[in-house]
Amino acid sequence: MDVSRIQNIAKEILLLAVLLIVKFKFYKMNKILMGILAFALLEGCSTNVKNTVDTAEKYPALDVQNMDTTIKPGDDFYDYVNGTWIKNHPIPPDKNSISAFDELMEKNRHDIREIIEEAASDLNALPGSNTQKIGTFYNSGMDTVSIEQQGIKPIKKFFDKIDSIRNINDVQSVAAYFQTYQIGPFFYLFSNQDSKNSASVIAGCYQAGIGLPDRDYYFNNDGPTKKIREEYIVHLTKMFELLNDQPDVAAKNAQTVMKIETELAKASFTHVENQDPQKTYNKLTPEGLAKLSPDINWKSYFANVGYADISEVNVYQPSFLKELSAMMKTVPVDDWKTFLRWHLINNTAAYLNDDFVKQNFDFYSKSLSGQEQMKPRWKRVLDETSSDLGECIGQLYVQKYFPPEAKQKMTNLVMNLKKSLKQRIENLTWMGPETKKEAIAKLDKMGVKVGYPDKWRDYSGLEITSQPYVLNVANSGAFDFRYSMDKIGKPVDPTEWGMTPQTVNAYYNPNRNEIVFPAGILQPPFFNMYADDAVNYGAIGMVIGHEMTHGFDNMGRQFDKDGNLRDWWTKDDSKAFKEHTKMLVDQYNKYEVLDSTFVNGQLTLGENIADLGGITVALNAYKLSLQGKEQPKPIDGFTDLQRFFMSYAQIWRTNMRQKELRRRVKTDEHSPAKIRINGVVYNVPEFYTAFPGIKPEDKLYRPSDERPVIW
Ligand SMILES: [Zn+2]
């Protein structure tokens with residue numbers, strides 16, 4: 001949460017809501033791997049492929065220099081593999097962490113910068129073309145002279161709307177107007193597949209309205225959280241002062257916002273509740289909505305967002321809407337106006353003049369995550385361009401940087417992983433034949449997407465002009481809103497992607513029953529065309545297995561092969577699954593990350609199952625790949641099995657600021673990096689074969705009867 005504005009949070013939550021289970025979510029972190037590259041857009045593909053090959057060749061499969069061999073692998077495997085890297089990679093002041101993900105994201109940034117700067121300097125780009133949009137968007141963000149001169153003038157029309165509010169109906173109309181720009185002061189509105197009828201697309205309504213990262217921030221009374229609340233009040237006050245409120249008025253307004261948000265937070269679902277696909281499935285007609293929340297005028301709300309004929313809405317958190325509706329009667333109209341002013345400025349601050357940008361950074365990046373300095377402007381603008389014009393840039397990115405042979409090799413790997421998981425399911429002792437049959441049918445039907453979409457998104461309806469930066473961003477939000485809402489009532493587009501090709505991440509989408517691997521992650525150290533197989537299976541193989549087993553984790557298992565929420569498990573197998581996974585809940589609950597801050601074993605369960613499942617399935621796939629082949633020789637003194645585990649540990653190397661870690665433990669469904677290694681390897685029997693020196697007295701030793709077997 002480097003960029004703090006709600007719009008980004010909105011996108012993250014939307015993605016969570018849309019995909020339900022988004023994997024490997026890693027934000028804005030980094031290290032410069034490569035220098036700034038020369039301008040070279042749209043040269044022949046082969047030349048560019050060669051560039052990628054060169055990079056891969058330079059990138060060592062496993063860098064033993066990163067290890068700390070004074071540590072025993074049986075005491076701390078993560079530090080054994082990464083100890084020297086950790087010592088040598090302090091967190092740069094403009095980051096809140098540094099990791100293998102950050103390094104690759106930084107490399108991608110430099111790749112994307114070439115594309116963007118080429119577009120930005122192309123004076124012959126046709127108006128309305130993708131090149132024009134990329135160049136104009138970026139240039140508007142880099143034009144600090146205009147941005148400083150304009151101040152908040154560009155968003156005056158939004159403030160005027162708030163000023164014109166006279167009654168509670170007006171409050172709701174203005175909220176709807178903001179909604180069309182993807183600013184959700186109350187909730188987010190979007191489209192999604194109907195979880196019980198995945199062939200149909202319906203509207204979704206998801207809780208919003210709070211400015212802190214999670215509901216717990218409003219209630220937890222530990223020292224650090226209380227301090228964040230105090231700092232939040234200061235931040236709110238300063239923002240109102242920047243909007244020219246007198247100090248006493250600004251201070252009062254800050255209290256008003258805090259009061260409203262605390263009430264909304266109280267009615268919000270927790271992260272664990274939001275992970276429950278049944279609990280968050282509440283399909284309502286407009287009549288049902290009116291009954292649940294009688295003081296929200298849904299008919300006019302839908303008309304005001306331009307979708308008057310919405311006939312079905314999945315309400316993810318009914319208690320939230322109920323409370324919001326009740327607040328329409330209890331909160332004075334003037335207080336709502338203050339609340340709307342805050343949400344407007346919070347969404348736009350990052351794109352306005354320096355005073356707003358700095359204040360926004362001070363709270364959301366410094367206070368919340370411990371980041372010391374802002375990223376340079378070009379990186380911030382580049383990230384925004386890459387996100388708002390995602391597939392415009394993605395299309396150029398894959399032409400330039402994604403070699404066809406990488407797609408082929410990755411597709412083969414995925415097939416091997418599928419075979420491996422199938423074999424693991426067939427051999428499970430805790431699962432009966434009926435459930436196995438369904439599980440295998442689901443696995444067989446699981447879709448696979450690699451690299452980039454077969455069909456590119458059409459951006460022709462998006463107008464990007466030399467208008468102020470903040471308005472280009474707002475237009476892009478409006479374009480995304482319509483793009484999502486226009487899907488309602490239409491058939492599901494099977495070619496659509498939930499991430500851009502340049503993203504360093506991957507996901508499983510339960511409604512579509514598919515796994516997706518963007519080109520961005522198919523690079524070292526995750527995927528290395530020139531590394532030994534053990535290293536690739538331990539890294540990208542594990543990532544594939546991880547995503548695949550999400551289809552069978554505590555949430556994914558509730559969906560069937562067609563992406564419908566339907567229970568296909570026998571009673572006994574369901575019980576056995578819960579018993580086995582309970583071992584993981586208990587295990588992770590015991591990890592103390594910071595003083596009296598523990599991992600939430602339930603919140604992270606799906607990810608922990610996927611980590612253990614991923615490594616198990618990848619290892620089995622690697623063994624299958626060796627059949628009929630000669631046993632690989634050791635490299636750098638390490639056997640192939642050792643290199644498999646070391647490669648896994650390598651991709652999670654991370655240094656993170658304490659504040660950021662604290663924020664993650666509250667809000668992230670993934671366990672901290674070190675635990676993703678040490679908490680996983682000691683449950684895998686082959687780990688002890690690979691490192692035979694590990695003895696019962698070592699810290700990472702676990703007796704075989706205490707090691708859970710899920711997949
Ligand atoms: Zn995951």
# chains A, B, ... in the order shown; residues from 1 in each chain; ligands from 1
>>> closest_atom_pairs(of="chain A", to="ligand 1", cutoff="12 Å", atoms="only C-alpha atoms and all ligand atoms", output="JSON lines")
{"residue": "A:Leu16", "atom": "CA", "partner": "ligand 1", "partner_atom_place_in_ligand_line": "1 (Zn)", "distance": 11.9}
{"residue": "A:Leu19", "atom": "CA", "partner": "ligand 1", "partner_atom_place_in_ligand_line": "1 (Zn)", "distance": 11.8}
{"residue": "A:Leu20", "atom": "CA", "partner": "ligand 1", "partner_atom_place_in_ligand_line": "1 (Zn)", "distance": 11.0}
{"residue": "A:Ile21", "atom": "CA", "partner": "ligand 1", "partner_atom_place_in_ligand_line": "1 (Zn)", "distance": 7.3}
{"residue": "A:Val22", "atom": "CA", "partner": "ligand 1", "partner_atom_place_in_ligand_line": "1 (Zn)", "distance": 6.6}
{"residue": "A:Lys23", "atom": "CA", "partner": "ligand 1", "partner_atom_place_in_ligand_line": "1 (Zn)", "distance": 3.8}
{"residue": "A:Phe24", "atom": "CA", "partner": "ligand 1", "partner_atom_place_in_ligand_line": "1 (Zn)", "distance": 5.5}
{"residue": "A:Lys25", "atom": "CA", "partner": "ligand 1", "partner_atom_place_in_ligand_line": "1 (Zn)", "distance": 8.2}
{"residue": "A:Phe26", "atom": "CA", "partner": "ligand 1", "partner_atom_place_in_ligand_line": "1 (Zn)", "distance": 11.1}
{"residue": "A:Asn505", "atom": "CA", "partner": "ligand 1", "partner_atom_place_in_ligand_line": "1 (Zn)", "distance": 9.8}
{"residue": "A:Ala506", "atom": "CA", "partner": "ligand 1", "partner_atom_place_in_ligand_line": "1 (Zn)", "distance": 8.3}
{"residue": "A:Tyr507", "atom": "CA", "partner": "ligand 1", "partner_atom_place_in_ligand_line": "1 (Zn)", "distance": 7.1}
{"residue": "A:Tyr508", "atom": "CA", "partner": "ligand 1", "partner_atom_place_in_ligand_line": "1 (Zn)", "distance": 8.0}
{"residue": "A:Asn509", "atom": "CA", "partner": "ligand 1", "partner_atom_place_in_ligand_line": "1 (Zn)", "distance": 10.9}
{"residue": "A:Ile515", "atom": "CA", "partner": "ligand 1", "partner_atom_place_in_ligand_line": "1 (Zn)", "distance": 11.0}
{"residue": "A:Val516", "atom": "CA", "partner": "ligand 1", "partner_atom_place_in_ligand_line": "1 (Zn)", "distance": 11.9}
{"residue": "A:Met542", "atom": "CA", "partner": "ligand 1", "partner_atom_place_in_ligand_line": "1 (Zn)", "distance": 10.7}
{"residue": "A:Val543", "atom": "CA", "partner": "ligand 1", "partner_atom_place_in_ligand_line": "1 (Zn)", "distance": 8.4}
{"residue": "A:Ile544", "atom": "CA", "partner": "ligand 1", "partner_atom_place_in_ligand_line": "1 (Zn)", "distance": 9.9}
{"residue": "A:Gly545", "atom": "CA", "partner": "ligand 1", "partner_atom_place_in_ligand_line": "1 (Zn)", "distance": 9.8}
{"residue": "A:His546", "atom": "CA", "partner": "ligand 1", "partner_atom_place_in_ligand_line": "1 (Zn)", "distance": 6.1}
{"residue": "A:Glu547", "atom": "CA", "partner": "ligand 1", "partner_atom_place_in_ligand_line": "1 (Zn)", "distance": 6.0}
{"residue": "A:Met548", "atom": "CA", "partner": "ligand 1", "partner_atom_place_in_ligand_line": "1 (Zn)", "distance": 9.2}
{"residue": "A:Thr549", "atom": "CA", "partner": "ligand 1", "partner_atom_place_in_ligand_line": "1 (Zn)", "distance": 8.7}
{"residue": "A:His550", "atom": "CA", "partner": "ligand 1", "partner_atom_place_in_ligand_line": "1 (Zn)", "distance": 6.6}
{"residue": "A:Gly551", "atom": "CA", "partner": "ligand 1", "partner_atom_place_in_ligand_line": "1 (Zn)", "distance": 10.2}
{"residue": "A:Phe552", "atom": "CA", "partner": "ligand 1", "partner_atom_place_in_ligand_line": "1 (Zn)", "distance": 11.5}
{"residue": "A:Asp553", "atom": "CA", "partner": "ligand 1", "partner_atom_place_in_ligand_line": "1 (Zn)", "distance": 9.7}
{"residue": "A:Asn554", "atom": "CA", "partner": "ligand 1", "partner_atom_place_in_ligand_line": "1 (Zn)", "distance": 11.9}
{"residue": "A:Met555", "atom": "CA", "partner": "ligand 1", "partner_atom_place_in_ligand_line": "1 (Zn)", "distance": 11.4}
{"residue": "A:Gly556", "atom": "CA", "partner": "ligand 1", "partner_atom_place_in_ligand_line": "1 (Zn)", "distance": 10.9}
{"residue": "A:Thr604", "atom": "CA", "partner": "ligand 1", "partner_atom_place_in_ligand_line": "1 (Zn)", "distance": 9.4}
{"residue": "A:Leu605", "atom": "CA", "partner": "ligand 1", "partner_atom_place_in_ligand_line": "1 (Zn)", "distance": 9.9}
{"residue": "A:Gly606", "atom": "CA", "partner": "ligand 1", "partner_atom_place_in_ligand_line": "1 (Zn)", "distance": 7.1}
{"residue": "A:Glu607", "atom": "CA", "partner": "ligand 1", "partner_atom_place_in_ligand_line": "1 (Zn)", "distance": 4.7}
{"residue": "A:Asn608", "atom": "CA", "partner": "ligand 1", "partner_atom_place_in_ligand_line": "1 (Zn)", "distance": 7.9}
{"residue": "A:Ile609", "atom": "CA", "partner": "ligand 1", "partner_atom_place_in_ligand_line": "1 (Zn)", "distance": 8.7}
{"residue": "A:Ala610", "atom": "CA", "partner": "ligand 1", "partner_atom_place_in_ligand_line": "1 (Zn)", "distance": 5.9}
{"residue": "A:Asp611", "atom": "CA", "partner": "ligand 1", "partner_atom_place_in_ligand_line": "1 (Zn)", "distance": 7.2}
{"residue": "A:Leu612", "atom": "CA", "partner": "ligand 1", "partner_atom_place_in_ligand_line": "1 (Zn)", "distance": 10.7}
{"residue": "A:Gly613", "atom": "CA", "partner": "ligand 1", "partner_atom_place_in_ligand_line": "1 (Zn)", "distance": 10.5}
{"residue": "A:Gly614", "atom": "CA", "partner": "ligand 1", "partner_atom_place_in_ligand_line": "1 (Zn)", "distance": 9.3}
{"residue": "A:Asp668", "atom": "CA", "partner": "ligand 1", "partner_atom_place_in_ligand_line": "1 (Zn)", "distance": 10.9}
{"residue": "A:Glu669", "atom": "CA", "partner": "ligand 1", "partner_atom_place_in_ligand_line": "1 (Zn)", "distance": 8.4}
{"residue": "A:His670", "atom": "CA", "partner": "ligand 1", "partner_atom_place_in_ligand_line": "1 (Zn)", "distance": 7.2}
{"residue": "A:Ser671", "atom": "CA", "partner": "ligand 1", "partner_atom_place_in_ligand_line": "1 (Zn)", "distance": 10.1}
{"residue": "A:Arg676", "atom": "CA", "partner": "ligand 1", "partner_atom_place_in_ligand_line": "1 (Zn)", "distance": 10.9}
>>> select_by_dssp(residues="range 379-537 of chain A", states="strand (DSSP E)", output="list of chain:residue names")
A:Gly447, A:Val448, A:Lys449, A:Val450, A:Gly451, A:Ala506, A:Tyr507, A:Tyr508, A:Asn509, A:Glu514, A:Ile515, A:Val516, A:Phe517, A:Pro518
>>> atom_distance(atom1="CA of Met656 in chain A", atom2="CA of Asp388 in chain A")
27.4 Å
>>> residues_around(residues="Ser146 in chain A", least_positions_apart="5", cutoff="12 Å", atoms="only C-alpha atoms", output="list in words")
Asn139, Ser140, Gly141, Gly151, Ile152, Lys153, Pro154, Tyr351, Leu352, Asn353, Asp354, Ser466, Gln467, Pro468, Tyr469 and Val470 of chain A
>>> write_last_selection(atoms="N, CA, C and O atoms", output="PDB file, in the first residue's frame")
ATOM      1  N   ASN A 139       2.858  11.621 -19.990  1.00  0.00           N
ATOM      2  CA  ASN A 139       3.296  13.025 -20.025  1.00  0.00           C
ATOM      3  C   ASN A 139       2.477  13.898 -19.082  1.00  0.00           C
ATOM      4  O   ASN A 139       3.019  14.786 -18.423  1.00  0.00           O
ATOM      5  N   SER A 140       1.180  13.637 -19.008  1.00  0.00           N
ATOM      6  CA  SER A 140       0.347  14.467 -18.124  1.00  0.00           C
ATOM      7  C   SER A 140       0.760  14.265 -16.670  1.00  0.00           C
ATOM      8  O   SER A 140       0.713  15.190 -15.862  1.00  0.00           O
ATOM      9  N   GLY A 141       1.210  13.050 -16.337  1.00  0.00           N
ATOM     10  CA  GLY A 141       1.662  12.779 -14.976  1.00  0.00           C
ATOM     11  C   GLY A 141       3.026  13.375 -14.671  1.00  0.00           C
ATOM     12  O   GLY A 141       3.355  13.655 -13.517  1.00  0.00           O
ATOM     13  N   GLY A 151      -3.302  23.064  -8.957  1.00  0.00           N
ATOM     14  CA  GLY A 151      -3.795  22.750  -7.614  1.00  0.00           C
ATOM     15  C   GLY A 151      -5.011  21.838  -7.668  1.00  0.00           C
ATOM     16  O   GLY A 151      -5.014  20.850  -8.414  1.00  0.00           O
ATOM     17  N   ILE A 152      -6.069  22.168  -6.913  1.00  0.00           N
ATOM     18  CA  ILE A 152      -7.251  21.293  -6.922  1.00  0.00           C
ATOM     19  C   ILE A 152      -8.314  21.764  -7.931  1.00  0.00           C
ATOM     20  O   ILE A 152      -9.412  21.209  -7.977  1.00  0.00           O
ATOM     21  N   LYS A 153      -7.958  22.760  -8.724  1.00  0.00           N
ATOM     22  CA  LYS A 153      -8.927  23.254  -9.719  1.00  0.00           C
ATOM     23  C   LYS A 153      -9.495  22.139 -10.615  1.00  0.00           C
ATOM     24  O   LYS A 153     -10.700  22.127 -10.876  1.00  0.00           O
ATOM     25  N   PRO A 154      -8.667  21.221 -11.086  1.00  0.00           N
ATOM     26  CA  PRO A 154      -9.227  20.208 -11.996  1.00  0.00           C
ATOM     27  C   PRO A 154     -10.378  19.396 -11.393  1.00  0.00           C
ATOM     28  O   PRO A 154     -11.217  18.889 -12.131  1.00  0.00           O
ATOM     29  N   TYR A 351      -2.523  12.470  -7.233  1.00  0.00           N
ATOM     30  CA  TYR A 351      -2.384  13.011  -8.595  1.00  0.00           C
ATOM     31  C   TYR A 351      -2.447  14.526  -8.625  1.00  0.00           C
ATOM     32  O   TYR A 351      -2.556  15.133  -9.674  1.00  0.00           O
ATOM     33  N   LEU A 352      -2.457  15.135  -7.447  1.00  0.00           N
ATOM     34  CA  LEU A 352      -2.567  16.594  -7.374  1.00  0.00           C
ATOM     35  C   LEU A 352      -1.204  17.221  -7.095  1.00  0.00           C
ATOM     36  O   LEU A 352      -0.174  16.568  -7.243  1.00  0.00           O
ATOM     37  N   ASN A 353      -1.214  18.461  -6.639  1.00  0.00           N
ATOM     38  CA  ASN A 353       0.046  19.157  -6.393  1.00  0.00           C
ATOM     39  C   ASN A 353       0.777  18.567  -5.181  1.00  0.00           C
ATOM     40  O   ASN A 353       0.201  17.806  -4.397  1.00  0.00           O
ATOM     41  N   ASP A 354       2.020  18.953  -5.072  1.00  0.00           N
ATOM     42  CA  ASP A 354       2.947  18.379  -4.108  1.00  0.00           C
ATOM     43  C   ASP A 354       2.447  18.306  -2.665  1.00  0.00           C
ATOM     44  O   ASP A 354       2.696  17.318  -1.973  1.00  0.00           O
ATOM     45  N   SER A 466      -4.596  15.790 -23.252  1.00  0.00           N
ATOM     46  CA  SER A 466      -3.605  16.577 -22.511  1.00  0.00           C
ATOM     47  C   SER A 466      -4.248  17.351 -21.359  1.00  0.00           C
ATOM     48  O   SER A 466      -3.711  18.350 -20.900  1.00  0.00           O
ATOM     49  N   GLN A 467      -5.390  16.869 -20.889  1.00  0.00           N
ATOM     50  CA  GLN A 467      -6.032  17.461 -19.715  1.00  0.00           C
ATOM     51  C   GLN A 467      -5.198  17.153 -18.465  1.00  0.00           C
ATOM     52  O   GLN A 467      -4.244  16.382 -18.521  1.00  0.00           O
ATOM     53  N   PRO A 468      -5.559  17.757 -17.305  1.00  0.00           N
ATOM     54  CA  PRO A 468      -4.783  17.471 -16.091  1.00  0.00           C
ATOM     55  C   PRO A 468      -4.714  15.970 -15.772  1.00  0.00           C
ATOM     56  O   PRO A 468      -5.670  15.228 -16.002  1.00  0.00           O
ATOM     57  N   TYR A 469      -3.571  15.593 -15.244  1.00  0.00           N
ATOM     58  CA  TYR A 469      -3.276  14.197 -14.892  1.00  0.00           C
ATOM     59  C   TYR A 469      -4.422  13.552 -14.111  1.00  0.00           C
ATOM     60  O   TYR A 469      -4.898  12.465 -14.434  1.00  0.00           O
ATOM     61  N   VAL A 470      -4.879  14.249 -13.079  1.00  0.00           N
ATOM     62  CA  VAL A 470      -5.904  13.671 -12.203  1.00  0.00           C
ATOM     63  C   VAL A 470      -7.169  13.329 -12.999  1.00  0.00           C
ATOM     64  O   VAL A 470      -7.859  12.352 -12.685  1.00  0.00           O
TER      65      VAL A 470
END
>>> closest_residue(among="A:Thr500, A:Leu126, A:Ser191, A:Thr667", to="Asp216 in chain A", atoms="only C-alpha atoms")
A:Thr667
>>> atom_distance(atom1="CA of Ala100 in chain A", atom2="CA of Trp652 in chain A")
6.5 Å
>>> select_by_dssp(residues="range 289-393 of chain A", states="helix (DSSP H, G or I)", output="ChimeraX atom specification")
/A:289-292,298-304,318-330,333-351,354-369,377-388,390-393
>>> closest_residue(among="A:Met239, A:Ile540, A:Val315, A:Val684", to="Ile202 in chain A", atoms="only C-alpha atoms")
A:Val315
>>> atom_distance(atom1="CA of Arg707 in chain A", atom2="CA of Gln587 in chain A")
10.2 Å
